[in-house]
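Reproduced below: data.cif, with mmCIF, N, CA and C atoms and all ligand atoms.
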data_run
#
loop_
_atom_site.label_atom_id
_atom_site.label_comp_id
_atom_site.auth_asym_id
_atom_site.auth_seq_id
_atom_site.Cartn_x
_atom_site.Cartn_y
_atom_site.Cartn_z
N MET A 1269 4.34 12.26 -2.06
CA MET A 1269 3.49 11.10 -2.30
C MET A 1269 4.36 9.85 -2.41
N SER A 1270 3.91 8.80 -1.79
CA SER A 1270 4.66 7.57 -1.92
C SER A 1270 3.72 6.37 -1.86
N LEU A 1271 4.28 5.25 -2.23
CA LEU A 1271 3.53 4.01 -2.22
C LEU A 1271 3.68 3.33 -0.87
N PHE A 1272 2.67 2.55 -0.51
CA PHE A 1272 2.78 1.73 0.69
C PHE A 1272 1.99 0.46 0.45
N GLN A 1273 2.27 -0.55 1.28
CA GLN A 1273 1.55 -1.81 1.16
C GLN A 1273 0.45 -1.86 2.21
N CYS A 1274 -0.74 -2.19 1.77
CA CYS A 1274 -1.88 -2.29 2.68
C CYS A 1274 -1.64 -3.42 3.69
N GLU A 1275 -1.87 -3.14 4.95
CA GLU A 1275 -1.65 -4.13 6.01
C GLU A 1275 -2.75 -5.19 6.04
N GLU A 1276 -3.87 -4.91 5.39
CA GLU A 1276 -4.99 -5.85 5.40
C GLU A 1276 -4.94 -6.81 4.21
N CYS A 1277 -4.87 -6.26 2.99
CA CYS A 1277 -4.95 -7.12 1.80
C CYS A 1277 -3.62 -7.28 1.07
N GLY A 1278 -2.64 -6.43 1.40
CA GLY A 1278 -1.32 -6.55 0.77
C GLY A 1278 -1.18 -5.81 -0.54
N CYS A 1279 -2.21 -5.11 -0.99
CA CYS A 1279 -2.11 -4.42 -2.27
C CYS A 1279 -1.30 -3.12 -2.14
N VAL A 1280 -0.95 -2.56 -3.29
CA VAL A 1280 -0.17 -1.33 -3.35
C VAL A 1280 -1.13 -0.15 -3.44
N ASP A 1281 -1.00 0.81 -2.56
CA ASP A 1281 -1.77 2.04 -2.71
C ASP A 1281 -0.83 3.22 -2.52
N ASN A 1282 -1.32 4.40 -2.88
CA ASN A 1282 -0.54 5.62 -2.77
C ASN A 1282 -1.06 6.42 -1.58
N THR A 1283 -0.17 7.10 -0.90
CA THR A 1283 -0.58 7.90 0.25
C THR A 1283 -1.60 8.97 -0.15
N ALA A 1284 -1.56 9.38 -1.44
CA ALA A 1284 -2.45 10.44 -1.92
C ALA A 1284 -3.83 9.94 -2.34
N THR A 1285 -3.98 8.62 -2.54
CA THR A 1285 -5.26 8.09 -3.03
C THR A 1285 -5.98 7.27 -1.96
N SER A 1286 -5.46 7.31 -0.74
CA SER A 1286 -6.02 6.51 0.35
C SER A 1286 -6.21 7.40 1.58
N GLY A 1287 -6.61 6.80 2.67
CA GLY A 1287 -6.77 7.55 3.92
C GLY A 1287 -5.51 7.53 4.77
N TYR A 1288 -4.38 7.23 4.11
CA TYR A 1288 -3.09 7.06 4.80
C TYR A 1288 -2.80 8.13 5.86
N TRP A 1289 -2.93 9.38 5.49
CA TRP A 1289 -2.54 10.47 6.40
C TRP A 1289 -3.54 10.69 7.54
N PHE A 1290 -4.70 10.06 7.47
CA PHE A 1290 -5.72 10.24 8.51
C PHE A 1290 -5.82 9.04 9.44
N ARG A 1291 -4.97 8.03 9.18
CA ARG A 1291 -5.12 6.75 9.89
C ARG A 1291 -4.96 6.86 11.40
N ASN A 1292 -4.21 7.86 11.87
CA ASN A 1292 -3.99 8.01 13.31
C ASN A 1292 -4.95 9.00 13.96
N ASP A 1293 -5.88 9.53 13.17
CA ASP A 1293 -6.84 10.49 13.74
C ASP A 1293 -7.68 9.82 14.82
N LYS A 1294 -8.04 10.59 15.81
CA LYS A 1294 -8.86 10.08 16.90
C LYS A 1294 -10.19 9.54 16.35
N GLY A 1295 -10.55 8.33 16.74
CA GLY A 1295 -11.82 7.75 16.32
C GLY A 1295 -11.79 7.13 14.93
N ASN A 1296 -10.65 7.22 14.23
CA ASN A 1296 -10.57 6.60 12.90
C ASN A 1296 -10.56 5.08 13.05
N PRO A 1297 -11.48 4.38 12.38
CA PRO A 1297 -11.56 2.93 12.54
C PRO A 1297 -10.31 2.18 12.05
N CYS A 1298 -9.45 2.85 11.29
CA CYS A 1298 -8.19 2.21 10.85
C CYS A 1298 -7.26 1.96 12.04
N GLN A 1299 -7.42 2.73 13.10
CA GLN A 1299 -6.62 2.59 14.31
C GLN A 1299 -5.12 2.56 14.01
N GLY A 1300 -4.71 3.44 13.12
CA GLY A 1300 -3.29 3.56 12.83
C GLY A 1300 -2.74 2.60 11.80
N ARG A 1301 -3.55 1.64 11.36
CA ARG A 1301 -3.07 0.69 10.36
C ARG A 1301 -3.02 1.36 8.99
N LYS A 1302 -2.01 0.98 8.19
CA LYS A 1302 -1.90 1.50 6.83
C LYS A 1302 -2.79 0.68 5.93
N LEU A 1303 -3.90 1.26 5.51
CA LEU A 1303 -4.88 0.52 4.72
C LEU A 1303 -5.11 1.18 3.37
N CYS A 1304 -5.31 0.36 2.35
CA CYS A 1304 -5.64 0.88 1.02
C CYS A 1304 -7.06 1.46 1.06
N ALA A 1305 -7.42 2.16 0.01
CA ALA A 1305 -8.74 2.80 -0.04
C ALA A 1305 -9.86 1.77 0.15
N ALA A 1306 -9.72 0.60 -0.44
CA ALA A 1306 -10.78 -0.41 -0.37
C ALA A 1306 -10.91 -1.00 1.03
N CYS A 1307 -9.82 -1.16 1.74
CA CYS A 1307 -9.86 -1.76 3.08
C CYS A 1307 -10.15 -0.73 4.17
N ASP A 1308 -9.99 0.55 3.84
CA ASP A 1308 -10.23 1.61 4.81
C ASP A 1308 -11.74 1.79 4.97
N PRO A 1309 -12.28 1.51 6.17
CA PRO A 1309 -13.73 1.61 6.36
C PRO A 1309 -14.28 3.01 6.08
N THR A 1310 -13.43 4.04 6.17
CA THR A 1310 -13.92 5.39 5.92
C THR A 1310 -14.02 5.68 4.42
N ILE A 1311 -13.44 4.83 3.58
CA ILE A 1311 -13.54 4.99 2.12
C ILE A 1311 -14.35 3.81 1.55
N GLY A 1312 -13.81 2.60 1.73
CA GLY A 1312 -14.58 1.40 1.42
C GLY A 1312 -14.63 0.95 -0.02
N LYS A 1313 -13.95 1.67 -0.94
CA LYS A 1313 -13.89 1.17 -2.32
C LYS A 1313 -12.60 1.60 -2.98
N TRP A 1314 -12.20 0.82 -3.99
CA TRP A 1314 -10.97 1.13 -4.71
C TRP A 1314 -11.20 2.37 -5.56
N HIS A 1315 -10.16 3.17 -5.72
CA HIS A 1315 -10.30 4.47 -6.40
C HIS A 1315 -10.20 4.43 -7.91
N ASP A 1316 -9.60 3.35 -8.46
CA ASP A 1316 -9.43 3.23 -9.91
C ASP A 1316 -8.51 4.29 -10.52
N VAL A 1317 -7.71 4.98 -9.70
CA VAL A 1317 -6.69 5.88 -10.24
C VAL A 1317 -5.61 5.03 -10.93
N PHE A 1318 -5.36 3.86 -10.37
CA PHE A 1318 -4.50 2.85 -11.01
C PHE A 1318 -5.03 1.50 -10.61
N LYS A 1319 -4.54 0.46 -11.30
CA LYS A 1319 -5.01 -0.90 -11.07
C LYS A 1319 -4.57 -1.39 -9.69
N ARG A 1320 -5.44 -2.14 -9.04
CA ARG A 1320 -5.10 -2.68 -7.72
C ARG A 1320 -4.22 -3.92 -7.91
N GLU A 1321 -3.00 -3.84 -7.43
CA GLU A 1321 -2.05 -4.94 -7.56
C GLU A 1321 -1.71 -5.49 -6.18
N TYR A 1322 -1.79 -6.80 -6.06
CA TYR A 1322 -1.54 -7.44 -4.75
C TYR A 1322 -0.11 -7.98 -4.66
N LEU A 1323 0.49 -7.77 -3.53
CA LEU A 1323 1.84 -8.27 -3.26
C LEU A 1323 1.76 -9.21 -2.06
N PRO A 1324 2.76 -10.10 -1.91
CA PRO A 1324 2.76 -10.94 -0.71
C PRO A 1324 2.73 -10.05 0.53
N LYS A 1325 1.72 -10.28 1.36
CA LYS A 1325 1.45 -9.40 2.49
C LYS A 1325 2.65 -9.32 3.45
N GLY A 1326 3.04 -8.10 3.76
CA GLY A 1326 4.10 -7.89 4.73
C GLY A 1326 5.52 -8.01 4.19
N ASP A 1327 5.65 -8.28 2.89
CA ASP A 1327 6.98 -8.50 2.31
C ASP A 1327 7.64 -7.22 1.78
N PHE A 1328 6.88 -6.14 1.64
CA PHE A 1328 7.42 -4.92 1.04
C PHE A 1328 7.38 -3.75 2.03
N PHE A 1329 8.31 -2.84 1.87
CA PHE A 1329 8.32 -1.63 2.70
C PHE A 1329 8.52 -0.41 1.79
N THR A 1330 8.16 0.76 2.29
CA THR A 1330 8.34 2.00 1.53
C THR A 1330 9.78 2.47 1.70
N ASN A 1331 10.51 2.54 0.58
CA ASN A 1331 11.92 2.95 0.69
C ASN A 1331 12.04 4.48 0.64
N ARG A 1332 13.26 4.96 0.67
CA ARG A 1332 13.49 6.41 0.76
C ARG A 1332 13.03 7.18 -0.47
N GLN A 1333 12.90 6.48 -1.59
CA GLN A 1333 12.39 7.12 -2.80
C GLN A 1333 10.86 7.11 -2.84
N GLY A 1334 10.23 6.48 -1.87
CA GLY A 1334 8.78 6.41 -1.86
C GLY A 1334 8.23 5.26 -2.69
N ASN A 1335 9.12 4.34 -3.06
CA ASN A 1335 8.69 3.16 -3.79
C ASN A 1335 8.60 1.97 -2.84
N LEU A 1336 7.88 0.95 -3.26
CA LEU A 1336 7.78 -0.25 -2.44
C LEU A 1336 8.89 -1.21 -2.83
N GLU A 1337 9.65 -1.62 -1.84
CA GLU A 1337 10.81 -2.47 -2.06
C GLU A 1337 10.66 -3.76 -1.27
N HIS A 1338 11.03 -4.88 -1.89
CA HIS A 1338 10.95 -6.17 -1.21
C HIS A 1338 11.99 -6.22 -0.08
N LYS A 1339 11.58 -6.71 1.06
CA LYS A 1339 12.45 -6.67 2.25
C LYS A 1339 13.73 -7.48 2.09
N THR A 1340 13.68 -8.58 1.35
CA THR A 1340 14.89 -9.39 1.25
C THR A 1340 15.58 -9.29 -0.11
N THR A 1341 14.81 -9.22 -1.20
CA THR A 1341 15.45 -9.22 -2.52
C THR A 1341 15.77 -7.81 -3.02
N GLY A 1342 15.14 -6.78 -2.45
CA GLY A 1342 15.38 -5.41 -2.92
C GLY A 1342 14.62 -5.08 -4.19
N GLN A 1343 13.83 -6.03 -4.68
CA GLN A 1343 13.06 -5.80 -5.90
C GLN A 1343 11.94 -4.78 -5.65
N LEU A 1344 11.70 -3.93 -6.65
CA LEU A 1344 10.62 -2.94 -6.52
C LEU A 1344 9.29 -3.57 -6.91
N SER A 1345 8.20 -3.02 -6.35
CA SER A 1345 6.88 -3.63 -6.54
C SER A 1345 6.48 -3.73 -8.01
N HIS A 1346 6.80 -2.71 -8.82
CA HIS A 1346 6.39 -2.78 -10.23
C HIS A 1346 7.17 -3.86 -10.98
N GLU A 1347 8.40 -4.14 -10.53
CA GLU A 1347 9.18 -5.23 -11.15
C GLU A 1347 8.57 -6.57 -10.75
N TYR A 1348 8.19 -6.68 -9.49
CA TYR A 1348 7.57 -7.91 -8.99
C TYR A 1348 6.28 -8.21 -9.76
N VAL A 1349 5.45 -7.19 -9.90
CA VAL A 1349 4.17 -7.35 -10.61
C VAL A 1349 4.40 -7.74 -12.06
N ALA A 1350 5.45 -7.18 -12.68
CA ALA A 1350 5.77 -7.48 -14.08
C ALA A 1350 6.42 -8.85 -14.26
N GLY A 1351 6.75 -9.51 -13.14
CA GLY A 1351 7.33 -10.85 -13.22
C GLY A 1351 8.82 -10.87 -13.49
N VAL A 1352 9.47 -9.71 -13.27
CA VAL A 1352 10.93 -9.63 -13.43
C VAL A 1352 11.59 -10.46 -12.33
N LYS A 1353 12.60 -11.23 -12.69
CA LYS A 1353 13.31 -12.04 -11.69
C LYS A 1353 14.17 -11.11 -10.82
N PRO A 1354 14.11 -11.29 -9.50
CA PRO A 1354 14.92 -10.42 -8.62
C PRO A 1354 16.43 -10.68 -8.76
ZN ZN A 1401 -6.21 -3.26 1.32
#

Let's see the structure in the file written out as structure tokens.
Ligand SMILES: [Zn+2]
Amino acid sequence: MSLFQCEECGCVDNTATSGYWFRNDKGNPCQGRKLCAACDPTIGKWHDVFKREYLPKGDFFTNRQGNLEHKTTGQLSHEYVAGVKP
């Protein structure tokens, strides 16, 4: 399980709480895009397993530990959300 950034809204979701693994399925309206549960038309609502936190869209990537890391500062998403200085 790992975190990823939604390509539509920029929020943090987990591969286990979203349609992440089905995004490339034939006929899936996500058309391969990494979408959070709320943006995924096949789910359409947030799961409330954890709070929906928004990050600057496109600025984070999933690192080898499965955490979201800022592309330039190396800051992790939970540090960014907490307001920790990079
Ligand atoms: Zn989203």

### Query
With only C-alpha atoms as the atoms that count, which of A:Asn1282, A:Tyr1288, A:Gly1295, A:Leu1323 lies nearest to Asp1308 of chain A?
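Nearest candidate to Asp1308 of chain A out of A:Asn1282, A:Tyr1288, A:Gly1295, A:Leu1323: A:Tyr1288.
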
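Among the candidates A:Ile1311, A:Cys1279, A:Leu1344, A:Val1349, the residue lying nearest to ligand ZN 1401 (chain A) is A:Cys1279 (atoms considered: all atoms listed in the file).
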
### Task
Throw together the list of residues within 6.5 Å of ligand ZN 1401 (chain A), counting all atoms listed in the file, and drop it here as a ChimeraX atom specification.
/A:1274-1279,1303-1308

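The coordinates place atom N of Tyr1322 of chain A at 13.9 Å from atom C of Gln1343 of chain A.
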
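Distance-wise, atom CA of Val1352 of chain A and atom CA of Leu1336 of chain A end up 14.8 Å apart.
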
### Task
Report the distance between atom CA of Arg1320 of chain A and atom CA of Asp1293 of chain A in Å, rounded to one decimal place.
25.2 Å

### Query
Any idea what's packed within 8 Å of Leu1271 of chain A, counting only C-alpha atoms, ignoring anything in its chain fewer than 2 positions away? Could you give it as a VMD selection string?
chain A and resid 1269 1273 1280 to 1283 1330 1334 to 1336

Selection to disk with N, CA and C atoms, as a tab-separated table (two decimals), in the coordinates of the input:
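Generated output (selection.tsv):
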chain	number	residue	atom	x	y	z
A	1269	MET	N	4.34	12.26	-2.06
A	1269	MET	CA	3.49	11.10	-2.30
A	1269	MET	C	4.36	9.85	-2.41
A	1273	GLN	N	2.27	-0.55	1.28
A	1273	GLN	CA	1.55	-1.81	1.16
A	1273	GLN	C	0.45	-1.86	2.21
A	1280	VAL	N	-0.95	-2.56	-3.29
A	1280	VAL	CA	-0.17	-1.33	-3.35
A	1280	VAL	C	-1.13	-0.15	-3.44
A	1281	ASP	N	-1.00	0.81	-2.56
A	1281	ASP	CA	-1.77	2.04	-2.71
A	1281	ASP	C	-0.83	3.22	-2.52
A	1282	ASN	N	-1.32	4.40	-2.88
A	1282	ASN	CA	-0.54	5.62	-2.77
A	1282	ASN	C	-1.06	6.42	-1.58
A	1283	THR	N	-0.17	7.10	-0.90
A	1283	THR	CA	-0.58	7.90	0.25
A	1283	THR	C	-1.60	8.97	-0.15
A	1330	THR	N	8.16	0.76	2.29
A	1330	THR	CA	8.34	2.00	1.53
A	1330	THR	C	9.78	2.47	1.70
A	1334	GLY	N	10.23	6.48	-1.87
A	1334	GLY	CA	8.78	6.41	-1.86
A	1334	GLY	C	8.23	5.26	-2.69
A	1335	ASN	N	9.12	4.34	-3.06
A	1335	ASN	CA	8.69	3.16	-3.79
A	1335	ASN	C	8.60	1.97	-2.84
A	1336	LEU	N	7.88	0.95	-3.26
A	1336	LEU	CA	7.78	-0.25	-2.44
A	1336	LEU	C	8.89	-1.21	-2.83

#### Entry: Residues within 8 Å of Arg1291 of chain A, only N, CA and C atoms, excluding chain neighbours under 5 positions, as a PyMOL selection string
chain A and resi 1286+1296-1303

### Task
Would you list the contacts of Phe1328 of chain A as a list in words, taking every protein, DNA or RNA residue within 6 Å and counting all atoms listed in the file, but skipping same-chain residues closer than 2 positions in sequence?
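Near Phe1328 of chain A, the qualifying residues are Pro1324, Lys1325, Gly1326, Thr1330, Leu1336, Glu1337, His1338 and Lys1339 of chain A.
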
### Query
Just asking: which residues within chain A are strand (DSSP E or B) according to DSSP, as number ranges by chain?
A: 1271-1273, 1279-1282, 1322, 1328-1330, 1336-1338, 1344
